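Asks: Please find my_file.tsv (TSV, C-alpha atoms) on the next line:
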```
chain	number	residue	atom	x	y	z
Y	1315	MET	CA	-0.87	67.66	-171.03
Y	1316	THR	CA	0.48	66.66	-167.63
Y	1317	THR	CA	-0.30	63.27	-166.13
Y	1318	THR	CA	-2.77	64.89	-163.72
Y	1319	SER	CA	-4.52	66.70	-166.59
Y	1320	ILE	CA	-4.84	63.47	-168.57
Y	1321	GLU	CA	-6.27	61.69	-165.52
Y	1322	ILE	CA	-8.82	64.46	-164.96
Y	1323	ASN	CA	-9.86	64.37	-168.61
Y	1324	GLU	CA	-10.28	60.59	-168.44
Y	1325	SER	CA	-12.34	60.92	-165.27
Y	1326	VAL	CA	-14.62	63.50	-166.89
Y	1327	ARG	CA	-14.93	61.45	-170.08
Y	1328	HIS	CA	-15.89	58.36	-168.06
Y	1329	TYR	CA	-18.45	60.27	-165.98
Y	1330	TYR	CA	-20.20	61.85	-168.95
Y	1331	GLY	CA	-19.79	58.92	-171.28
Y	1332	GLN	CA	-20.68	56.02	-169.00
Y	1333	VAL	CA	-21.80	57.02	-165.50
Y	1334	LEU	CA	-24.46	59.52	-166.57
Y	1335	GLN	CA	-27.19	58.09	-168.78
Y	1336	SER	CA	-29.61	61.01	-168.49
Y	1337	SER	CA	-29.92	64.32	-166.65
Y	1338	ASN	CA	-31.82	62.45	-163.90
Y	1339	ASP	CA	-28.51	60.90	-162.81
Y	1340	LEU	CA	-27.05	64.26	-161.72
Y	1341	LYS	CA	-26.56	64.71	-157.98
Y	1342	THR	CA	-26.67	68.53	-157.80
Y	1343	SER	CA	-28.44	71.45	-159.46
Y	1344	ALA	CA	-25.19	72.68	-161.04
Y	1345	CYS	CA	-26.04	71.33	-164.49
Y	1346	CYS	CA	-29.80	71.57	-164.75
Y	1347	SER	CA	-30.99	75.17	-164.39
Y	1348	ILE	CA	-33.07	75.04	-167.55
Y	1349	ASP	CA	-35.80	77.15	-165.94
Y	1350	ALA	CA	-33.63	80.19	-166.66
Y	1351	MET	CA	-34.04	79.66	-170.42
Y	1352	PRO	CA	-35.92	82.49	-172.20
Y	1353	GLY	CA	-39.32	81.66	-173.63
Y	1354	TYR	CA	-38.30	81.98	-177.27
Y	1355	LEU	CA	-35.56	79.37	-176.74
Y	1356	LYS	CA	-37.85	77.05	-174.79
Y	1357	ALA	CA	-40.22	77.10	-177.75
Y	1358	LEU	CA	-37.44	75.82	-180.00
Y	1359	LEU	CA	-36.80	72.80	-177.76
Y	1360	ALA	CA	-39.95	71.16	-179.10
Y	1361	GLY	CA	-38.22	70.82	-182.47
Y	1362	LEU	CA	-35.23	68.89	-181.13
Y	1363	HIS	CA	-34.81	65.12	-180.95
Y	1364	PRO	CA	-35.84	63.67	-177.55
Y	1365	GLU	CA	-32.57	61.77	-177.06
Y	1366	VAL	CA	-30.54	64.94	-177.62
Y	1367	LEU	CA	-32.55	66.64	-174.87
Y	1368	GLU	CA	-32.33	63.65	-172.51
Y	1369	ARG	CA	-28.53	63.48	-172.69
Y	1370	PHE	CA	-28.00	67.18	-172.02
Y	1371	TYR	CA	-26.00	68.19	-168.92
Y	1372	GLY	CA	-25.59	71.98	-169.09
Y	1373	CYS	CA	-26.30	74.91	-166.80
Y	1374	GLY	CA	-28.00	78.19	-167.57
Y	1375	SER	CA	-28.83	79.29	-171.09
Y	1376	PRO	CA	-25.70	80.73	-172.75
Y	1377	LEU	CA	-27.21	81.56	-176.14
Y	1378	PRO	CA	-27.10	85.30	-176.88
Y	1379	PRO	CA	-29.23	87.08	-179.48
Y	1380	VAL	CA	-28.24	88.60	-182.86
Y	1381	LEU	CA	-26.80	85.41	-184.35
Y	1382	THR	CA	-28.33	85.32	-187.85
Y	1383	GLY	CA	-25.65	84.45	-190.40
Y	1384	LYS	CA	-22.91	84.15	-187.76
Y	1385	THR	CA	-20.36	81.41	-187.11
Y	1386	VAL	CA	-20.80	80.06	-183.59
Y	1387	LEU	CA	-18.52	77.63	-181.75
Y	1388	ASP	CA	-19.97	75.52	-178.92
Y	1389	LEU	CA	-17.27	74.18	-176.58
Y	1390	GLY	CA	-18.18	70.90	-174.91
Y	1391	CYS	CA	-21.26	70.47	-177.06
Y	1392	GLY	CA	-22.13	67.04	-175.63
Y	1393	SER	CA	-25.24	65.57	-177.22
Y	1394	GLY	CA	-25.69	68.70	-179.33
Y	1395	ARG	CA	-28.71	70.37	-177.73
Y	1396	ASP	CA	-27.30	73.88	-177.85
Y	1397	CYS	CA	-25.81	73.31	-181.32
Y	1398	TYR	CA	-29.23	72.45	-182.70
Y	1399	LEU	CA	-30.80	75.44	-180.95
Y	1400	LEU	CA	-28.02	77.56	-182.47
Y	1401	SER	CA	-28.72	76.03	-185.87
Y	1402	LYS	CA	-32.14	77.67	-185.76
Y	1403	LEU	CA	-30.75	80.94	-184.40
Y	1404	VAL	CA	-27.99	81.41	-187.01
Y	1405	GLY	CA	-30.26	80.25	-189.84
Y	1406	PRO	CA	-29.29	78.75	-193.21
Y	1407	THR	CA	-26.61	81.40	-193.83
Y	1408	GLY	CA	-24.87	80.74	-190.51
Y	1409	ARG	CA	-22.62	77.97	-189.27
Y	1410	VAL	CA	-22.41	76.05	-185.99
Y	1411	ILE	CA	-19.39	74.03	-184.83
Y	1412	GLY	CA	-19.65	71.73	-181.81
Y	1413	VAL	CA	-16.53	70.36	-180.07
Y	1414	ASP	CA	-16.46	67.60	-177.49
Y	1415	MET	CA	-13.98	65.00	-176.20
Y	1416	THR	CA	-16.56	62.38	-175.16
Y	1417	PRO	CA	-17.28	59.86	-177.97
Y	1418	GLU	CA	-20.51	58.61	-176.38
Y	1419	GLN	CA	-21.95	62.13	-176.28
Y	1420	LEU	CA	-20.80	63.03	-179.78
Y	1421	GLU	CA	-22.29	59.82	-181.14
Y	1422	VAL	CA	-25.72	60.99	-180.01
Y	1423	ALA	CA	-25.20	64.44	-181.55
Y	1424	VAL	CA	-23.94	63.14	-184.90
Y	1425	ARG	CA	-26.55	60.38	-185.16
Y	1426	HIS	CA	-29.36	62.94	-185.15
Y	1427	ARG	CA	-27.73	65.51	-187.46
Y	1428	ASP	CA	-29.63	64.42	-190.58
Y	1429	TRP	CA	-32.87	64.24	-188.57
Y	1430	HIS	CA	-32.51	67.91	-187.59
Y	1431	ALA	CA	-31.36	68.99	-191.06
Y	1432	GLU	CA	-34.48	67.48	-192.59
Y	1433	ARG	CA	-36.70	69.07	-189.96
Y	1434	PHE	CA	-35.06	72.52	-190.30
Y	1435	GLY	CA	-34.71	72.45	-194.08
Y	1436	TYR	CA	-30.95	73.10	-194.08
Y	1437	ALA	CA	-27.71	71.62	-192.71
Y	1438	ASN	CA	-25.33	74.02	-190.97
Y	1439	VAL	CA	-23.98	72.03	-187.99
Y	1440	GLU	CA	-20.75	70.03	-187.74
Y	1441	PHE	CA	-19.30	68.15	-184.78
Y	1442	LEU	CA	-15.60	67.75	-184.09
Y	1443	HIS	CA	-13.97	65.31	-181.67
Y	1444	GLY	CA	-11.21	67.08	-179.78
Y	1445	HIS	CA	-10.04	68.95	-176.70
Y	1446	ILE	CA	-11.15	72.51	-176.04
Y	1447	GLU	CA	-7.62	73.26	-174.81
Y	1448	ASN	CA	-6.28	72.78	-178.36
Y	1449	LEU	CA	-8.72	74.02	-180.99
Y	1450	ALA	CA	-5.91	74.45	-183.52
Y	1451	ALA	CA	-5.47	70.66	-183.60
Y	1452	ILE	CA	-8.99	70.28	-185.01
Y	1453	GLY	CA	-8.56	73.02	-187.57
Y	1454	ILE	CA	-10.22	76.07	-186.02
Y	1455	ASP	CA	-8.33	79.09	-187.35
Y	1456	ASP	CA	-7.38	82.41	-185.77
Y	1457	ASN	CA	-10.05	85.13	-185.94
Y	1458	SER	CA	-12.60	82.80	-187.54
Y	1459	ILE	CA	-15.46	82.69	-185.00
Y	1460	ASP	CA	-18.11	85.35	-184.31
Y	1461	VAL	CA	-19.38	83.93	-181.01
Y	1462	VAL	CA	-18.06	81.23	-178.66
Y	1463	VAL	CA	-20.56	79.63	-176.31
Y	1464	SER	CA	-20.10	76.98	-173.64
Y	1465	ASN	CA	-22.55	75.42	-171.24
Y	1466	CYS	CA	-21.03	74.29	-167.92
Y	1467	VAL	CA	-17.90	72.82	-169.55
Y	1468	ILE	CA	-14.92	75.13	-168.98
Y	1469	ASN	CA	-14.95	74.12	-165.30
Y	1470	LEU	CA	-14.30	70.51	-166.41
Y	1471	SER	CA	-11.00	71.41	-168.05
Y	1472	PRO	CA	-7.80	70.88	-166.03
Y	1473	GLU	CA	-6.14	73.64	-168.08
Y	1474	LYS	CA	-8.54	76.55	-168.01
Y	1475	PRO	CA	-6.01	79.27	-168.99
Y	1476	ARG	CA	-5.30	77.32	-172.20
Y	1477	VAL	CA	-9.02	77.03	-172.95
Y	1478	LEU	CA	-9.58	80.74	-172.50
Y	1479	ALA	CA	-6.47	81.59	-174.54
Y	1480	GLU	CA	-7.76	79.41	-177.38
Y	1481	ILE	CA	-11.14	81.13	-177.23
Y	1482	PHE	CA	-9.61	84.56	-177.69
Y	1483	ARG	CA	-7.34	83.24	-180.45
Y	1484	VAL	CA	-10.24	81.98	-182.57
Y	1485	LEU	CA	-12.63	84.88	-181.92
Y	1486	LYS	CA	-12.81	87.59	-184.55
Y	1487	PRO	CA	-12.08	91.16	-183.40
Y	1488	GLY	CA	-15.30	92.35	-181.78
Y	1489	GLY	CA	-16.38	88.73	-181.26
Y	1490	GLU	CA	-18.06	87.56	-178.08
Y	1491	LEU	CA	-17.52	84.84	-175.52
Y	1492	TYR	CA	-20.89	84.08	-173.93
Y	1493	PHE	CA	-21.08	81.14	-171.55
Y	1494	SER	CA	-22.58	79.68	-168.39
Y	1495	ASP	CA	-20.47	77.89	-165.83
Y	1496	VAL	CA	-20.00	77.15	-162.16
Y	1497	PHE	CA	-17.90	79.50	-160.04
Y	1498	ALA	CA	-16.75	79.14	-156.45
Y	1499	ASP	CA	-16.32	81.71	-153.69
Y	1500	ARG	CA	-12.84	80.31	-152.92
Y	1501	ARG	CA	-10.13	78.09	-154.39
Y	1502	ILE	CA	-11.10	74.41	-154.25
Y	1503	PRO	CA	-8.65	72.21	-152.24
Y	1504	ALA	CA	-6.41	70.07	-154.47
Y	1505	ALA	CA	-7.81	66.72	-153.31
Y	1506	LEU	CA	-11.38	67.76	-154.09
Y	1507	ARG	CA	-10.39	69.06	-157.53
Y	1508	GLN	CA	-9.62	65.45	-158.51
Y	1509	ASP	CA	-12.66	63.76	-156.97
Y	1510	PRO	CA	-14.48	62.00	-159.87
Y	1511	VAL	CA	-18.00	62.76	-158.66
Y	1512	LEU	CA	-17.25	66.38	-157.76
Y	1513	LEU	CA	-15.55	66.86	-161.12
Y	1514	GLY	CA	-18.43	65.30	-163.02
Y	1515	GLU	CA	-20.97	67.36	-161.11
Y	1516	CYS	CA	-19.15	70.57	-162.20
Y	1517	LEU	CA	-18.07	71.40	-158.64
Y	1518	GLY	CA	-14.51	70.13	-158.22
Y	1519	GLY	CA	-13.23	72.15	-161.16
Y	1520	ALA	CA	-15.16	75.33	-160.46
Y	1521	LEU	CA	-13.00	78.43	-160.81
Y	1522	TYR	CA	-12.64	80.96	-158.02
Y	1523	TRP	CA	-14.13	84.11	-159.58
Y	1524	GLU	CA	-11.10	86.29	-158.88
Y	1525	ASP	CA	-8.76	83.77	-160.52
Y	1526	PHE	CA	-11.02	83.75	-163.58
Y	1527	ARG	CA	-10.87	87.54	-163.72
Y	1528	ARG	CA	-7.08	87.46	-163.50
Y	1529	ILE	CA	-6.80	84.89	-166.32
Y	1530	LEU	CA	-8.87	87.08	-168.62
Y	1531	GLN	CA	-6.89	90.16	-167.67
Y	1532	ALA	CA	-3.68	88.35	-168.69
Y	1533	LEU	CA	-5.35	87.65	-172.06
Y	1534	ASP	CA	-5.98	91.38	-172.59
Y	1535	CYS	CA	-9.62	91.06	-171.61
Y	1536	PRO	CA	-9.84	93.28	-168.51
Y	1537	ASP	CA	-13.61	93.76	-168.46
Y	1538	VAL	CA	-15.85	90.70	-168.11
Y	1539	ARG	CA	-19.59	91.09	-167.54
Y	1540	VAL	CA	-22.02	88.96	-165.54
Y	1541	VAL	CA	-25.42	88.59	-167.22
Y	1542	LYS	CA	-27.13	86.52	-164.53
Y	1543	GLN	CA	-26.31	84.21	-161.66
Y	1544	ASN	CA	-28.06	81.70	-159.41
Y	1545	SER	CA	-26.99	79.85	-156.30
Y	1546	ILE	CA	-26.37	76.10	-156.61
Y	1547	SER	CA	-27.82	73.79	-153.99
Y	1548	LEU	CA	-25.87	70.72	-152.85
Y	1549	ASP	CA	-28.84	68.40	-152.42
Y	1550	ASP	CA	-26.88	65.15	-152.27
Y	1551	PRO	CA	-25.71	64.48	-148.65
Y	1552	ASP	CA	-22.43	62.87	-149.73
Y	1553	VAL	CA	-21.57	65.79	-152.00
Y	1554	ALA	CA	-22.46	68.31	-149.29
Y	1555	ALA	CA	-20.31	66.44	-146.76
Y	1556	LYS	CA	-17.29	66.70	-149.04
Y	1557	ILE	CA	-17.53	70.26	-150.28
Y	1558	GLY	CA	-20.32	71.97	-148.38
Y	1559	MET	CA	-17.97	74.70	-147.10
Y	1560	VAL	CA	-17.79	76.18	-150.61
Y	1561	LYS	CA	-20.54	78.41	-152.00
Y	1562	PHE	CA	-21.22	77.83	-155.71
Y	1563	GLN	CA	-22.95	79.99	-158.29
Y	1564	SER	CA	-24.13	79.19	-161.81
Y	1565	VAL	CA	-23.10	82.32	-163.70
Y	1566	THR	CA	-23.73	83.47	-167.26
Y	1567	VAL	CA	-20.82	85.59	-168.45
Y	1568	ARG	CA	-20.03	87.64	-171.54
Y	1569	ALA	CA	-16.70	89.06	-172.68
Y	1570	PHE	CA	-15.63	90.71	-175.92
Y	1571	LYS	CA	-12.43	90.55	-177.96
Y	1572	LEU	CA	-11.90	94.30	-177.86
Y	1573	PRO	CA	-9.10	96.64	-176.71
Y	1574	LEU	CA	-10.86	97.69	-173.51
Y	1575	GLU	CA	-9.53	99.55	-170.48
Y	1576	ASP	CA	-9.00	97.91	-167.10
Y	1577	ARG	CA	-11.20	100.46	-165.35
Y	1578	CYS	CA	-14.53	101.98	-166.26
Y	1579	GLU	CA	-13.70	105.44	-167.56
Y	1580	ASP	CA	-16.09	108.32	-168.13
Y	1581	TYR	CA	-16.04	109.99	-171.55
Y	1582	GLY	CA	-19.51	111.50	-171.34
Y	1583	GLN	CA	-20.96	108.89	-173.69
Y	1584	VAL	CA	-24.60	107.87	-174.00
Y	1585	ALA	CA	-26.14	104.75	-175.55
Y	1586	CYS	CA	-29.72	104.24	-176.70
Y	1587	TYR	CA	-31.21	100.86	-177.60
Y	1588	LEU	CA	-33.29	100.95	-180.78
Y	1589	GLY	CA	-35.55	98.03	-179.88
Y	1590	SER	CA	-34.63	96.25	-183.10
Y	1591	ILE	CA	-33.65	92.82	-181.75
Y	1592	PRO	CA	-36.78	90.71	-182.38
Y	1593	GLU	CA	-36.59	88.74	-179.12
Y	1594	HIS	CA	-36.05	91.95	-177.11
Y	1595	PRO	CA	-38.51	94.58	-178.38
Y	1596	HIS	CA	-38.79	96.53	-175.12
Y	1597	ALA	CA	-35.38	96.27	-173.51
Y	1598	PHE	CA	-31.94	94.69	-173.78
Y	1599	ASP	CA	-29.73	93.66	-170.86
Y	1600	LEU	CA	-26.04	93.85	-171.62
Y	1601	ASP	CA	-25.30	92.54	-168.12
Y	1602	ASP	CA	-26.84	92.44	-164.67
Y	1603	HIS	CA	-26.79	96.22	-164.25
Y	1604	HIS	CA	-26.93	97.66	-167.76
Y	1605	HIS	CA	-30.63	97.55	-168.61
Y	1606	PHE	CA	-31.36	99.43	-171.83
Y	1607	GLU	CA	-35.01	100.35	-172.29
Y	1608	THR	CA	-35.98	100.90	-175.91
Y	1609	GLY	CA	-35.59	104.56	-176.83
Y	1610	ARG	CA	-34.32	105.62	-173.40
Y	1611	PRO	CA	-30.74	107.00	-173.39
Y	1612	LEU	CA	-28.38	105.66	-170.73
Y	1613	ARG	CA	-25.01	107.05	-169.65
Y	1614	VAL	CA	-22.27	104.47	-170.22
Y	1615	CYS	CA	-18.57	104.11	-169.57
Y	1616	GLY	CA	-16.09	103.88	-172.45
Y	1617	ASN	CA	-15.91	100.09	-172.28
Y	1618	THR	CA	-19.66	99.68	-172.49
Y	1619	ALA	CA	-19.81	102.09	-175.41
Y	1620	ASP	CA	-17.17	100.05	-177.24
Y	1621	MET	CA	-18.95	96.74	-176.50
Y	1622	LEU	CA	-22.08	98.12	-178.14
Y	1623	ALA	CA	-20.51	100.05	-181.02
Y	1624	ALA	CA	-17.70	97.66	-182.05
Y	1625	SER	CA	-19.55	94.35	-181.90
Y	1626	ARG	CA	-22.43	92.72	-183.78
Y	1627	TYR	CA	-24.81	94.74	-181.57
Y	1628	ALA	CA	-23.77	98.01	-183.27
Y	1629	GLU	CA	-26.77	98.24	-185.61
Y	1630	HIS	CA	-29.14	97.94	-182.66
Y	1631	PHE	CA	-27.73	100.88	-180.67
Y	1632	GLN	CA	-27.08	104.55	-181.14
Y	1633	VAL	CA	-23.95	105.50	-179.24
Y	1634	LEU	CA	-23.40	109.23	-178.83
Y	1635	GLY	CA	-20.04	110.82	-178.07
Y	1636	ASP	CA	-16.48	109.65	-178.47
Y	1637	GLN	CA	-13.47	109.26	-176.20
Y	1638	SER	CA	-11.70	112.50	-177.04
Y	1639	ARG	CA	-12.61	114.10	-173.71
Y	1640	HIS	CA	-12.12	112.33	-170.39
Y	1641	PHE	CA	-14.02	113.00	-167.16
Y	1642	GLY	CA	-12.31	110.52	-164.82
Y	1643	LEU	CA	-13.59	107.22	-163.48
Y	1644	PHE	CA	-17.14	106.23	-164.34
Y	1645	ASP	CA	-19.46	105.80	-161.36
Y	1646	CYS	CA	-20.03	102.04	-161.61
Y	1647	THR	CA	-22.11	99.58	-159.68
Y	1648	PRO	CA	-20.09	96.99	-157.73
Y	1649	GLY	CA	-19.58	93.67	-159.50
Y	1650	PRO	CA	-21.27	90.37	-158.61
Y	1651	GLN	CA	-18.49	89.03	-156.42
Y	1652	GLY	CA	-18.20	92.15	-154.29
Y	1653	GLU	CA	-15.50	93.85	-156.36
Y	1654	SER	CA	-15.68	97.55	-157.06
Y	1655	ALA	CA	-13.66	100.15	-158.86
Y	1656	ALA	CA	-11.36	100.28	-155.87
Y	1657	SER	CA	-10.33	96.64	-156.34
Y	1658	GLY	CA	-8.33	97.43	-159.45
Y	1659	GLY	CA	-10.59	95.60	-161.90
Y	1660	SER	CA	-13.30	96.92	-164.11
Y	1661	CYS	CA	-16.63	96.86	-162.35
Y	1662	CYS	CA	-19.15	97.53	-165.11
```
Now, as a test, write the supplied structure out as structure tokens.
Replies:
Amino acid sequence: MTTTSIEINESVRHYYGQVLQSSNDLKTSACCSIDAMPGYLKALLAGLHPEVLERFYGCGSPLPPVLTGKTVLDLGCGSGRDCYLLSKLVGPTGRVIGVDMTPEQLEVAVRHRDWHAERFGYANVEFLHGHIENLAAIGIDDNSIDVVVSNCVINLSPEKPRVLAEIFRVLKPGGELYFSDVFADRRIPAALRQDPVLLGECLGGALYWEDFRRILQALDCPDVRVVKQNSISLDDPDVAAKIGMVKFQSVTVRAFKLPLEDRCEDYGQVACYLGSIPEHPHAFDLDDHHHFETGRPLRVCGNTADMLAASRYAEHFQVLGDQSRHFGLFDCTPGPQGESAASGGSCC
């Protein structure tokens, strides 16, 4: 790492390890949008240790369905809240790996591991101390992970392209990256990117959406989907005075390790959701504009068809048609940041 990267990591480690003692110490809403959590996940919170919940500093709810028996990696796991939720979701045949660089946070997570194992009736969670920019150093192999999740952490890394490259290295073919993070409507000025408070509040390191899209495109992931997004309010006057010119969004994103096209192409394909995911009996949302009602066929582009048919969601969908006949560009809805098919990136 460069000197600047090391300094940023030390600043983040200090903020999360020593400055913040509970979620009440946060100055913005960037890391506390728990109201977006689905009801079935909220119900599971009652089974987690109070200290694990108190020391949680995430945003959104980046825990997708269909995880039974899967291996899930949580980047920047902190006190372990999402890892212990995932423990219930993957069940006794699954595995959860949490990675964090902050000893004080990991100590909380590890200290309550036996408590959760006894309460759940099985032990399937492990915590590793390390940097999310170098997962190989802590023994996470190529093509070994079904799902990677992260909760408002990638923005804290000074080397985001390395983080994203590591994610796609460890994901299995057809695996999914599903995460919530803070995105900005412009590139953050250099001085503000190193401000300790702005960094710790998940603002200083927020990626400009278009730069994020370009990083993924360079990693052969040309089609990233937004599941949901919410505006972030800068309620602290000092924070607003420093960076109030930037508009921030908490965004939940999904992307698949699949050989997708960089535009949404029309092959005349249709997908029908079978209603077989227990938490989603009536409908399933792939993203913010692909709403699949149970039993109701929906026209889809080639990329969407592949996401459904070549991932762990395959058994829950019937995808009709193949890609042997092409009908041109698919008529897509513009993306969340104002991009469209004309911008050169996939818009589904």
Asks: Can you list, as a PyMOL selection string, every protein, DNA or RNA residue that comes within 9 Å of Y:Pro1487 when you count all atoms listed in the file, leaving out same-chain residues fewer than 4 positions away?
Replies: chain Y and resi 1457+1460+1570-1572+1624-1625
Asks: When you look at stretch 1349-1363 of chain Y with a cut-off of 9 Å (counting only C-alpha atoms), what residues show up, excluding the ones that are within fewer than 2 positions of it in the same chain? I need them as JSON, numbers by chain.
Replies: {"Y": [1346, 1347, 1365, 1366, 1367, 1368, 1374, 1375, 1376, 1377, 1395, 1398, 1399, 1402, 1426, 1429, 1430, 1433, 1434, 1593]}
Asks: Taking all atoms listed in the file into account, name the residue in Y:Asp1495, Y:Glu1480, Y:Glu1490, Y:Asp1428 that is nearest to Y:Gln1563.
Replies: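 Ranking Y:Asp1495, Y:Glu1480, Y:Glu1490, Y:Asp1428 by distance to Y:Gln1563, first place goes to Y:Asp1495.
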Asks: Residues of stretch 1465-1548 of chain Y within 12 Å of stretch 1594-1605 of chain Y: nearest atom pair and distance (Å, one decimal) for each, counting only C-alpha atoms, sorted by chain and number, as a Markdown table?
Replies:
```
| residue | atom | partner | partner_atom | distance |
| --- | --- | --- | --- | --- |
| Y:Tyr1492 | CA | Y:Asp1601 | CA | 11.2 |
| Y:Asp1537 | CA | Y:Asp1601 | CA | 11.8 |
| Y:Val1538 | CA | Y:Asp1601 | CA | 9.6 |
| Y:Arg1539 | CA | Y:Asp1601 | CA | 5.9 |
| Y:Val1540 | CA | Y:Asp1601 | CA | 5.5 |
| Y:Val1541 | CA | Y:Asp1601 | CA | 4.1 |
| Y:Lys1542 | CA | Y:Asp1602 | CA | 5.9 |
| Y:Gln1543 | CA | Y:Asp1602 | CA | 8.8 |
```
Asks: So that I have them on file, write out the residues from the current selection with C-alpha atoms, as an mmCIF file, in the coordinates of the input.
Replies:
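File written: result01.cif
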```cif
data_model
loop_
_atom_site.group_PDB
_atom_site.id
_atom_site.type_symbol
_atom_site.label_atom_id
_atom_site.label_comp_id
_atom_site.auth_asym_id
_atom_site.auth_seq_id
_atom_site.Cartn_x
_atom_site.Cartn_y
_atom_site.Cartn_z
ATOM 1 C CA TYR Y 1492 -20.890 84.080 -173.930
ATOM 2 C CA ASP Y 1537 -13.610 93.760 -168.460
ATOM 3 C CA VAL Y 1538 -15.850 90.700 -168.110
ATOM 4 C CA ARG Y 1539 -19.590 91.090 -167.540
ATOM 5 C CA VAL Y 1540 -22.020 88.960 -165.540
ATOM 6 C CA VAL Y 1541 -25.420 88.590 -167.220
ATOM 7 C CA LYS Y 1542 -27.130 86.520 -164.530
ATOM 8 C CA GLN Y 1543 -26.310 84.210 -161.660
#
```
Asks: Work out how far atom CA of Y:Cys1391 is from atom CA of Y:Asp1414, in Å to one decimal.
Replies: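 Interatomic distance, atom CA of Y:Asp1414 to atom CA of Y:Cys1391: 5.6 Å.
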Asks: Give me, please, the distance in Å between atom CA of Y:Asp1534 and atom CA of Y:Ala1585, quoted to one decimal.
Replies: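 About the pair atom CA of Y:Asp1534 and atom CA of Y:Ala1585: they are 24.4 Å apart.
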Asks: From the list Y:Leu1470, Y:Val1413, Y:Leu1387, Y:Val1461, which residue is nearest Y:Ile1446 when using all atoms listed in the file?
Replies: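 Ranking Y:Leu1470, Y:Val1413, Y:Leu1387, Y:Val1461 by distance to Y:Ile1446, first place goes to Y:Val1413.
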